[in-house]
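Raw model_2.cif, mmCIF, C-alpha atoms:
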data_upload
#
loop_
_atom_site.label_atom_id
_atom_site.label_comp_id
_atom_site.auth_asym_id
_atom_site.auth_seq_id
_atom_site.Cartn_x
_atom_site.Cartn_y
_atom_site.Cartn_z
CA MET A 1 20.07 115.64 36.48
CA THR A 2 16.67 116.46 35.08
CA GLN A 3 15.41 114.85 31.93
CA GLU A 4 14.92 117.46 29.24
CA ARG A 5 12.21 116.99 26.71
CA SER A 6 13.81 117.15 23.30
CA SER A 7 12.04 118.84 20.41
CA GLN A 8 14.11 116.73 18.03
CA PRO A 9 12.41 113.64 16.63
CA ARG A 10 14.08 110.42 17.71
CA LYS A 11 16.42 109.09 15.03
CA SER A 12 15.19 105.96 13.34
CA ALA A 13 17.40 102.93 13.84
CA THR A 14 16.06 101.26 10.73
CA VAL A 15 17.33 103.72 8.11
CA VAL A 16 20.11 102.26 5.99
CA PHE A 17 22.63 104.68 4.54
CA ALA A 18 24.10 104.36 1.06
CA TRP A 19 27.79 103.63 0.62
CA GLY A 20 29.78 106.81 1.02
CA GLU A 21 26.94 108.68 2.67
CA ARG A 22 28.39 108.45 6.16
CA PRO A 23 32.00 109.28 7.03
CA ILE A 24 34.02 106.13 7.70
CA PHE A 25 36.50 107.94 9.98
CA GLN A 26 35.77 109.88 13.14
CA ALA A 27 37.71 112.43 15.16
CA GLY A 28 40.40 110.60 17.11
CA ASP A 29 40.97 107.85 14.53
CA ARG A 30 44.64 107.14 13.77
CA ILE A 31 45.41 107.19 10.05
CA ARG A 32 48.16 106.92 7.50
CA ILE A 33 48.10 108.94 4.29
CA GLY A 34 48.28 106.80 1.16
CA THR A 35 51.47 106.45 -0.85
CA ARG A 36 49.93 106.33 -4.32
CA THR A 37 51.41 108.47 -7.05
CA PRO A 38 48.62 109.00 -9.57
CA ILE A 39 49.38 110.69 -12.86
CA GLY A 40 48.04 114.17 -13.27
CA HIS A 41 46.04 116.38 -11.01
CA TYR A 42 45.98 115.48 -7.33
CA ARG A 43 45.56 117.35 -4.09
CA VAL A 44 47.60 115.39 -1.54
CA PRO A 45 51.07 116.95 -1.33
CA THR A 46 53.92 114.46 -1.81
CA TYR A 47 55.63 115.49 1.44
CA LEU A 48 52.76 113.86 3.34
CA ARG A 49 52.60 110.51 1.53
CA GLY A 50 52.85 107.66 4.02
CA LYS A 51 52.84 109.95 7.07
CA GLN A 52 50.85 109.00 10.15
CA GLY A 53 48.48 111.25 12.01
CA VAL A 54 45.08 111.56 13.60
CA VAL A 55 41.69 112.72 12.35
CA VAL A 56 40.66 115.87 14.22
CA GLN A 57 37.47 116.73 12.37
CA VAL A 58 35.07 115.34 9.80
CA ILE A 59 34.50 118.11 7.29
CA ALA A 60 30.87 118.48 6.31
CA PRO A 61 29.22 118.37 3.93
CA ALA A 62 30.57 115.47 1.86
CA ALA A 63 32.03 116.74 -1.40
CA VAL A 64 33.07 115.56 -4.83
CA ASP A 65 36.59 114.24 -5.30
CA ASN A 66 38.30 117.29 -6.70
CA GLU A 67 41.02 115.13 -8.20
CA GLU A 68 38.32 113.70 -10.49
CA GLU A 69 36.77 117.12 -10.83
CA GLY A 70 40.08 118.35 -12.24
CA TYR A 71 39.41 116.18 -15.29
CA GLY A 72 35.80 117.28 -15.60
CA ARG A 73 34.68 113.83 -14.44
CA ASN A 74 32.26 114.93 -11.78
CA ALA A 75 30.71 111.50 -11.31
CA GLY A 76 28.49 112.73 -8.52
CA LYS A 77 29.91 110.45 -5.84
CA ARG A 78 30.50 112.41 -2.69
CA LEU A 79 32.79 111.39 0.15
CA HIS A 80 34.07 113.24 3.17
CA TYR A 81 37.17 115.28 3.64
CA TYR A 82 38.87 114.99 7.01
CA ARG A 83 40.98 117.51 8.83
CA VAL A 84 44.04 115.53 9.80
CA ALA A 85 46.83 116.46 12.23
CA ILE A 86 50.36 115.20 11.69
CA PRO A 87 53.21 116.07 14.09
CA LEU A 88 55.86 118.15 12.30
CA GLU A 89 58.45 115.84 13.86
CA GLU A 90 56.76 112.93 12.03
CA ILE A 91 57.20 114.76 8.73
CA TRP A 92 60.68 116.21 9.31
CA PRO A 93 62.85 114.08 11.64
CA ASP A 94 65.18 117.03 12.30
CA TYR A 95 62.34 119.50 12.87
CA VAL A 96 63.27 122.42 15.13
CA GLY A 97 60.47 123.51 17.43
CA SER A 98 58.04 122.10 19.95
CA PRO A 99 57.21 118.39 19.70
CA ARG A 100 53.55 119.49 19.81
CA ASP A 101 53.87 121.56 16.61
CA GLY A 102 51.71 120.07 13.91
CA LEU A 103 50.68 120.16 10.28
CA TYR A 104 46.94 120.25 9.63
CA ILE A 105 45.43 119.44 6.27
CA GLU A 106 42.18 118.29 4.72
CA ILE A 107 42.45 114.89 3.05
CA TYR A 108 39.86 113.13 0.91
CA GLU A 109 38.55 109.82 2.26
CA THR A 110 40.14 107.69 -0.47
CA TRP A 111 43.63 108.73 0.66
CA LEU A 112 43.32 107.63 4.30
CA GLU A 113 44.24 104.23 5.73
CA ARG A 114 43.22 103.23 9.23
CA ILE A 115 46.11 102.21 11.48
CA MET B 1 56.51 165.30 -27.59
CA GLU B 2 57.39 167.90 -25.00
CA PRO B 3 57.69 166.59 -21.48
CA HIS B 4 54.47 168.10 -20.13
CA ASP B 5 52.20 168.92 -22.99
CA HIS B 6 50.04 165.84 -22.54
CA GLY B 7 46.71 166.08 -20.79
CA HIS B 8 46.35 164.62 -17.33
CA GLU B 9 43.43 163.86 -15.12
CA ALA B 10 43.05 166.01 -12.03
CA GLY B 11 45.01 164.66 -9.10
CA HIS B 12 47.99 163.68 -11.18
CA GLY B 13 49.91 166.93 -11.11
CA HIS B 14 53.18 166.79 -12.93
CA ASP B 15 55.42 169.28 -11.24
CA HIS B 16 58.31 166.81 -11.28
CA PRO B 17 60.69 166.06 -14.13
CA HIS B 18 59.53 163.17 -16.27
CA ASP B 19 62.28 160.66 -15.67
CA HIS B 20 60.14 157.62 -14.93
CA ALA B 21 59.29 154.98 -17.51
CA GLU B 22 56.17 155.36 -19.60
CA ILE B 23 53.28 153.42 -18.10
CA GLY B 24 52.26 150.84 -20.65
CA GLN B 25 52.98 147.37 -21.89
CA LEU B 26 56.22 147.91 -23.76
CA ALA B 27 57.80 144.46 -23.43
CA PRO B 28 56.51 141.65 -25.65
CA PRO B 29 54.03 139.31 -23.92
CA GLN B 30 55.58 136.39 -22.08
CA PHE B 31 54.69 132.70 -22.25
CA TYR B 32 51.89 132.80 -19.67
CA ASP B 33 50.47 136.05 -21.05
CA ILE B 34 50.15 134.41 -24.46
CA MET B 35 48.71 131.20 -23.01
CA GLU B 36 46.12 133.12 -20.98
CA THR B 37 45.06 135.12 -24.02
CA ALA B 38 44.88 132.02 -26.22
CA VAL B 39 42.82 130.01 -23.71
CA ARG B 40 40.50 132.92 -23.02
CA GLU B 41 39.89 133.60 -26.70
CA LEU B 42 39.29 129.92 -27.39
CA LEU B 43 36.78 129.60 -24.54
CA ILE B 44 34.92 132.63 -25.82
CA GLU B 45 35.09 131.52 -29.46
CA LYS B 46 33.66 128.13 -28.54
CA LYS B 47 30.95 129.89 -26.54
CA LEU B 48 31.88 128.12 -23.29
CA ILE B 49 32.06 131.48 -21.52
CA GLU B 50 31.10 135.03 -22.36
CA PRO B 51 33.49 137.98 -22.11
CA ASP B 52 31.10 139.45 -19.57
CA GLU B 53 31.64 136.49 -17.23
CA ILE B 54 35.35 137.25 -16.97
CA ARG B 55 34.73 140.91 -16.29
CA ARG B 56 32.10 140.02 -13.72
CA GLN B 57 34.45 137.63 -11.91
CA ILE B 58 37.11 140.37 -11.74
CA GLU B 59 34.49 142.61 -10.15
CA VAL B 60 33.64 139.85 -7.65
CA LEU B 61 37.30 139.53 -6.67
CA ASP B 62 37.82 143.28 -6.51
CA SER B 63 34.93 143.55 -4.07
CA ARG B 64 36.66 141.18 -1.61
CA THR B 65 39.31 142.77 0.60
CA PRO B 66 40.77 142.13 4.06
CA ALA B 67 38.31 144.71 5.37
CA LEU B 68 35.60 142.04 5.15
CA GLY B 69 37.59 139.58 7.26
CA ALA B 70 38.46 142.36 9.70
CA ARG B 71 34.76 143.07 10.33
CA VAL B 72 34.17 139.38 11.01
CA VAL B 73 37.07 139.23 13.48
CA ALA B 74 36.00 142.43 15.26
CA ARG B 75 32.50 141.05 15.71
CA ALA B 76 33.88 137.77 17.03
CA TRP B 77 35.95 139.69 19.60
CA LEU B 78 32.85 141.54 20.83
CA ASP B 79 30.13 138.92 20.56
CA PRO B 80 30.85 135.52 22.18
CA GLU B 81 27.82 133.92 20.55
CA PHE B 82 28.93 135.04 17.11
CA ARG B 83 32.45 133.83 17.91
CA ALA B 84 31.07 130.39 18.75
CA ARG B 85 29.13 130.27 15.48
CA LEU B 86 32.20 131.42 13.54
CA LEU B 87 34.38 128.68 15.02
CA ALA B 88 31.67 126.06 14.48
CA ASN B 89 31.02 126.97 10.84
CA GLY B 90 33.13 129.75 9.37
CA ARG B 91 31.27 129.92 6.10
CA ALA B 92 27.81 130.18 7.63
CA ALA B 93 28.96 132.87 10.08
CA CYS B 94 30.54 134.94 7.29
CA GLU B 95 27.36 134.58 5.28
CA GLU B 96 25.61 136.40 8.13
CA PHE B 97 27.65 139.40 6.98
CA GLY B 98 26.48 138.94 3.41
CA ILE B 99 29.84 137.49 2.39
CA SER B 100 29.08 134.89 -0.27
CA PHE B 101 31.28 131.89 -1.05
CA TYR B 102 31.14 132.14 -4.82
CA ASP B 103 33.86 129.47 -5.20
CA ASP B 104 31.90 126.92 -3.16
CA THR B 105 34.67 126.48 -0.60
CA GLN B 106 34.16 125.79 3.08
CA LEU B 107 35.81 128.00 5.70
CA ILE B 108 37.41 126.82 8.92
CA VAL B 109 38.27 129.61 11.33
CA LEU B 110 41.27 128.89 13.53
CA GLU B 111 41.45 130.67 16.87
CA ASN B 112 44.80 131.81 18.19
CA THR B 113 45.06 131.50 21.96
CA GLU B 114 47.66 131.76 24.70
CA THR B 115 48.73 128.21 23.90
CA VAL B 116 48.11 127.79 20.15
CA HIS B 117 49.35 129.82 17.19
CA ASN B 118 47.88 129.12 13.75
CA LEU B 119 49.55 129.78 10.42
CA ILE B 120 48.03 129.31 6.95
CA VAL B 121 49.76 128.21 3.77
CA CYS B 122 48.94 126.48 0.51
CA THR B 123 51.94 124.36 -0.46
CA LEU B 124 50.44 123.22 -3.77
CA CYS B 125 49.40 126.57 -5.22
CA SER B 126 47.69 129.61 -3.74
CA CYS B 127 44.48 128.46 -2.02
CA TYR B 128 43.39 131.38 0.13
CA PRO B 129 40.12 132.54 1.72
CA ARG B 130 39.44 134.85 -1.22
CA PRO B 131 35.71 135.28 -0.49
CA VAL B 132 36.67 136.91 2.84
CA LEU B 133 40.12 138.42 2.18
CA GLY B 134 40.36 138.97 -1.58
CA LEU B 135 43.54 138.21 -3.48
CA PRO B 136 46.52 136.81 -1.56
CA PRO B 137 49.77 138.77 -1.23
CA ASP B 138 52.51 137.83 -3.68
CA TRP B 139 54.78 136.29 -1.02
CA TYR B 140 51.97 133.88 -0.12
CA LYS B 141 52.04 132.51 -3.68
CA LEU B 142 55.82 132.20 -4.00
CA LYS B 143 57.68 128.97 -3.35
CA PRO B 144 59.94 130.12 -0.48
CA TYR B 145 56.95 130.82 1.78
CA ARG B 146 54.99 127.78 0.56
CA ALA B 147 57.86 125.40 1.26
CA ARG B 148 59.31 126.94 4.39
CA ALA B 149 56.00 127.51 6.21
CA VAL B 150 55.59 123.75 6.61
CA ILE B 151 59.29 122.94 7.16
CA GLU B 152 60.35 125.67 9.58
CA PRO B 153 57.26 127.69 10.53
CA ARG B 154 58.91 129.23 13.59
CA ALA B 155 61.79 130.58 11.51
CA VAL B 156 59.36 132.00 8.93
CA LEU B 157 57.29 133.62 11.68
CA ALA B 158 60.45 135.10 13.23
CA GLU B 159 61.24 136.75 9.89
CA PHE B 160 57.84 138.46 10.14
CA GLY B 161 58.90 139.58 13.63
CA THR B 162 56.68 137.05 15.32
CA ILE B 163 58.52 135.08 18.00
CA ILE B 164 56.50 132.11 19.25
CA PRO B 165 57.44 130.95 22.77
CA ASP B 166 58.50 127.31 23.08
CA ASP B 167 55.46 126.44 25.18
CA VAL B 168 53.07 127.67 22.48
CA GLU B 169 51.99 125.07 19.94
CA VAL B 170 52.36 126.03 16.27
CA ARG B 171 49.68 124.65 13.96
CA VAL B 172 50.31 125.04 10.25
CA SER B 173 47.21 124.52 8.11
CA ASP B 174 48.00 123.53 4.51
CA SER B 175 44.91 124.34 2.43
CA THR B 176 44.84 122.21 -0.67
CA ALA B 177 41.39 121.03 -1.61
CA MET B 178 38.01 122.56 -0.83
CA VAL B 179 38.54 124.08 2.61
CA ARG B 180 39.94 127.54 3.21
CA TYR B 181 41.25 128.83 6.51
CA LEU B 182 41.06 132.14 8.34
CA VAL B 183 42.98 132.88 11.53
CA LEU B 184 41.07 134.55 14.34
CA PRO B 185 43.89 136.54 15.97
CA ARG B 186 44.00 137.27 19.70
CA ARG B 187 42.44 140.54 20.73
CA PRO B 188 45.29 142.73 21.96
CA GLU B 189 45.32 144.23 25.43
CA GLY B 190 44.40 147.89 25.65
CA THR B 191 41.41 147.56 23.33
CA GLU B 192 38.78 147.07 26.03
CA ASP B 193 36.94 150.30 25.16
CA PHE B 194 37.38 150.09 21.38
CA THR B 195 34.32 150.24 19.18
CA GLU B 196 33.70 147.54 16.59
CA ASP B 197 35.04 149.82 13.82
CA GLU B 198 38.15 150.63 15.84
CA LEU B 199 38.76 146.94 16.44
CA ALA B 200 38.29 146.14 12.75
CA ALA B 201 40.90 148.79 11.88
CA ILE B 202 43.65 146.91 13.75
CA VAL B 203 42.85 143.57 12.08
CA THR B 204 45.20 143.49 9.10
CA ARG B 205 45.43 140.92 6.34
CA ASP B 206 48.58 139.36 7.78
CA THR B 207 46.98 138.83 11.20
CA MET B 208 44.33 136.69 9.49
CA ILE B 209 46.98 134.62 7.67
CA GLY B 210 48.65 134.14 11.03
CA VAL B 211 52.07 135.62 10.30
CA VAL B 212 51.72 138.48 12.79
CA PRO B 213 49.60 139.17 15.89
CA ALA B 214 47.02 141.96 15.94
CA THR B 215 48.45 145.05 17.65
CA VAL B 216 46.95 148.34 18.73
CA ALA B 217 49.59 150.17 16.68
CA ALA B 218 48.30 148.66 13.43
CA GLY B 219 45.14 150.77 13.43
CA GLY B 220 46.61 154.24 13.61
CA ILE B 221 43.31 155.48 15.05
CA ARG B 222 44.54 156.06 18.56
CA GLN B 223 47.95 157.14 19.68
#

Can you turn what I pasted into structure tokens?
Amino acid sequence: MTQERSSQPRKSATVVFAWGERPIFQAGDRIRIGTRTPIGHYRVPTYLRGKQGVVVQVIAPAAVDNEEEGYGRNAGKRLHYYRVAIPLEEIWPDYVGSPRDGLYIEIYETWLERI
Amino acid sequence: MEPHDHGHEAGHGHDHPHDHAEIGQLAPPQFYDIMETAVRELLIEKKLIEPDEIRRQIEVLDSRTPALGARVVARAWLDPEFRARLLANGRAACEEFGISFYDDTQLIVLENTETVHNLIVCTLCSCYPRPVLGLPPDWYKLKPYRARAVIEPRAVLAEFGTIIPDDVEVRVSDSTAMVRYLVLPRRPEGTEDFTEDELAAIVTRDTMIGVVPATVAAGGIRQ
């Protein structure tokens, strides 16, 4: 295999990223969706609370927490959303269909627990 | 007033008896009508928005129709490089067509294949790729579809006439936050010599929600 000369500058190993700047989950990570029940406006449907799945994609760019945004409190902190896959059989034990059928949803970082 | 002594614009010929209801708001406004009016008038009174902003936003929405999404799909069917860009970043690829994302949502385009069938729903409300498709159909916003699409997607699809074989994986995408989804349907057989416009004509709204496949019959261009 020939070495290709890259036009991209080499990434510096000394740069430190701020908290929240980099996604803490990566595609392939196993996760559980949180079981909190906050009062008011939230974007994680109750039928998925506590369900286990896998991260399939980090959604870029990082974005504001639109649960906070719903109250007009756009504090400026940005975290990542993740596209998460959960088997439909995990959600509905008597699901009728293929065991590979899945539910896909974007979940804000604060709702995911690593398992 | 006599049945037909009122003036009408051209194109609305009244050679039929007038037995339909008068077109107008005859019933008193309902709860949500009153709430919408009250909130709108308050926002304007407090100078948080201008009446012109509401009218402008209606014009923005009216300018978005499934024809935009259909052009994107037709191009993706014809141009593998565009297809790759569309699947990598749906929003950026649509922006190549001049389609703006006025609501600051991202777009993930989901490709249907021989082995994967994608279906879109918003269980919480009515999130929908409005920048590319315009307003969603009423059934998309109603609770039966929103609940059943994630509980028994194959049964819902069958009611649309779409039978998914057991060996095909069904992926239901529930759009809830800041990402919207668009299904890239499979290009049907028999369209090898179609032009881009002819391809776009067979890409209907429902194919891009994922409830039906694209079919040659949908276009009505060719017999």

Produce a table with one row for each residue of chain B that has an atom at most 10 Å from any atom of chain A, each row naming the nearest atom pair and its distance in Å at one decimal; use all atoms listed in the file; arrange rows by chain and rising residue number; format as CSV.
residue,atom,partner,partner_atom,distance
B:Asn89,CA,A:Ala60,CA,9.6
B:Gln106,CA,A:Ala60,CA,8.6
B:Ile108,CA,A:Ile59,CA,9.3
B:Val116,CA,A:Asp101,CA,9.2
B:His117,CA,A:Asp101,CA,9.4
B:Asn118,CA,A:Tyr104,CA,9.8
B:Leu119,CA,A:Leu103,CA,9.7
B:Ile120,CA,A:Tyr104,CA,9.5
B:Cys122,CA,A:Ile105,CA,9.7
B:Thr123,CA,A:Pro45,CA,7.5
B:Leu124,CA,A:Pro45,CA,6.8
B:Ala149,CA,A:Leu103,CA,9.9
B:Val150,CA,A:Leu103,CA,7.1
B:Ile151,CA,A:Trp92,CA,7.2
B:Glu152,CA,A:Val96,CA,7.1
B:Pro153,CA,A:Gly97,CA,8.7
B:Arg154,CA,A:Gly97,CA,7.1
B:Ala155,CA,A:Val96,CA,9.0
B:Ile164,CA,A:Gly97,CA,9.6
B:Pro165,CA,A:Ser98,CA,9.3
B:Asp166,CA,A:Ser98,CA,6.1
B:Asp167,CA,A:Ser98,CA,7.3
B:Val168,CA,A:Ser98,CA,7.9
B:Glu169,CA,A:Asp101,CA,5.2
B:Val170,CA,A:Asp101,CA,4.7
B:Arg171,CA,A:Gly102,CA,5.0
B:Val172,CA,A:Leu103,CA,4.9
B:Ser173,CA,A:Tyr104,CA,4.5
B:Asp174,CA,A:Ile105,CA,5.1
B:Ser175,CA,A:Ile105,CA,6.2
B:Thr176,CA,A:Arg43,CA,6.0
B:Ala177,CA,A:Arg43,CA,6.1
B:Met178,CA,A:Asn66,CA,7.9
B:Val179,CA,A:Glu106,CA,7.2
B:Arg180,CA,A:Glu106,CA,9.6

Residue by residue, what does the PyMOL selection byres ((chain A and resi 36) around 10) grab here? Present the result as a PyMOL selection string. chain A and resi 33-35+37-39+44+46+49-50+111

Please report the interatomic distance between atom CA of B:Ala70 and atom CA of B:Val203 in Å with one decimal. 5.1 Å

Resolved residues for the PyMOL selection byres ((chain B and resi 111) around 10) as a PyMOL selection string: chain B and resi 83+86-87+108-110+112-113+116-118+182-186+208+210

Correct to one decimal, the distance atom CA of A:Glu109-atom CA of A:His80 is 5.7 Å

Dump as an MDAnalysis selection string all residues having an atom at most 10 Å from (42.2, 139.2, -5.2), computed in the file's coordinates with all atoms listed in the file. chainID B and resid 58:66 128:131 133:137

What does the distance from atom CA of B:Pro28 to atom CA of B:Trp139 come to in Å, to one decimal?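 According to the coordinates, atom CA of B:Pro28 and atom CA of B:Trp139 are separated by 25.3 Å.
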
Suppose a student applies the PyMOL selection byres ((chain A and resi 12-27) around 6) to this structure; what residues should they get, written as a ChimeraX atom specification? /A:11,28-29,55-57,79-80

In terms of the shortest atom-to-atom distance over all atoms listed in the file, which of A:Glu90, A:Gly40, A:Gly70, A:Arg32 is closest to A:Thr110? A:Arg32

Output as an mmCIF file, in the frame of the given file: stretch 93-106 of chain B, completed with N, CA, C and O atoms.
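Saved to part26.cif:
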data_model
loop_
_atom_site.group_PDB
_atom_site.id
_atom_site.type_symbol
_atom_site.label_atom_id
_atom_site.label_comp_id
_atom_site.auth_asym_id
_atom_site.auth_seq_id
_atom_site.Cartn_x
_atom_site.Cartn_y
_atom_site.Cartn_z
ATOM 1 N N ALA B 93 28.853 131.637 9.292
ATOM 2 C CA ALA B 93 28.960 132.870 10.080
ATOM 3 C C ALA B 93 29.321 134.061 9.192
ATOM 4 O O ALA B 93 28.805 135.168 9.383
ATOM 5 N N CYS B 94 30.198 133.851 8.216
ATOM 6 C CA CYS B 94 30.540 134.940 7.290
ATOM 7 C C CYS B 94 29.347 135.308 6.426
ATOM 8 O O CYS B 94 29.156 136.475 6.063
ATOM 9 N N GLU B 95 28.544 134.303 6.086
ATOM 10 C CA GLU B 95 27.360 134.580 5.280
ATOM 11 C C GLU B 95 26.375 135.481 6.017
ATOM 12 O O GLU B 95 25.597 136.204 5.389
ATOM 13 N N GLU B 96 26.444 135.464 7.358
ATOM 14 C CA GLU B 96 25.610 136.400 8.130
ATOM 15 C C GLU B 96 25.957 137.841 7.787
ATOM 16 O O GLU B 96 25.140 138.739 7.930
ATOM 17 N N PHE B 97 27.210 138.064 7.371
ATOM 18 C CA PHE B 97 27.650 139.400 6.980
ATOM 19 C C PHE B 97 27.380 139.688 5.510
ATOM 20 O O PHE B 97 27.809 140.715 4.999
ATOM 21 N N GLY B 98 26.722 138.758 4.833
ATOM 22 C CA GLY B 98 26.480 138.940 3.410
ATOM 23 C C GLY B 98 27.666 138.575 2.547
ATOM 24 O O GLY B 98 27.702 138.903 1.363
ATOM 25 N N ILE B 99 28.672 137.915 3.163
ATOM 26 C CA ILE B 99 29.840 137.490 2.390
ATOM 27 C C ILE B 99 29.506 136.158 1.745
ATOM 28 O O ILE B 99 29.302 135.159 2.440
ATOM 29 N N SER B 100 29.450 136.129 0.418
ATOM 30 C CA SER B 100 29.080 134.890 -0.270
ATOM 31 C C SER B 100 30.335 134.084 -0.593
ATOM 32 O O SER B 100 31.434 134.639 -0.727
ATOM 33 N N PHE B 101 30.161 132.776 -0.704
ATOM 34 C CA PHE B 101 31.280 131.890 -1.050
ATOM 35 C C PHE B 101 31.069 131.413 -2.490
ATOM 36 O O PHE B 101 30.660 130.293 -2.746
ATOM 37 N N TYR B 102 31.394 132.342 -3.395
ATOM 38 C CA TYR B 102 31.140 132.140 -4.820
ATOM 39 C C TYR B 102 31.931 130.959 -5.370
ATOM 40 O O TYR B 102 31.584 130.417 -6.412
ATOM 41 N N ASP B 103 33.037 130.568 -4.689
ATOM 42 C CA ASP B 103 33.860 129.470 -5.200
ATOM 43 C C ASP B 103 33.494 128.134 -4.564
ATOM 44 O O ASP B 103 34.194 127.146 -4.745
ATOM 45 N N ASP B 104 32.402 128.135 -3.781
ATOM 46 C CA ASP B 104 31.900 126.920 -3.160
ATOM 47 C C ASP B 104 32.937 126.234 -2.265
ATOM 48 O O ASP B 104 33.031 125.016 -2.207
ATOM 49 N N THR B 105 33.744 127.031 -1.588
ATOM 50 C CA THR B 105 34.670 126.480 -0.600
ATOM 51 C C THR B 105 34.049 126.560 0.783
ATOM 52 O O THR B 105 33.150 127.362 1.034
ATOM 53 N N GLN B 106 34.528 125.696 1.665
ATOM 54 C CA GLN B 106 34.160 125.790 3.080
ATOM 55 C C GLN B 106 35.201 126.671 3.772
ATOM 56 O O GLN B 106 36.297 126.891 3.249
#
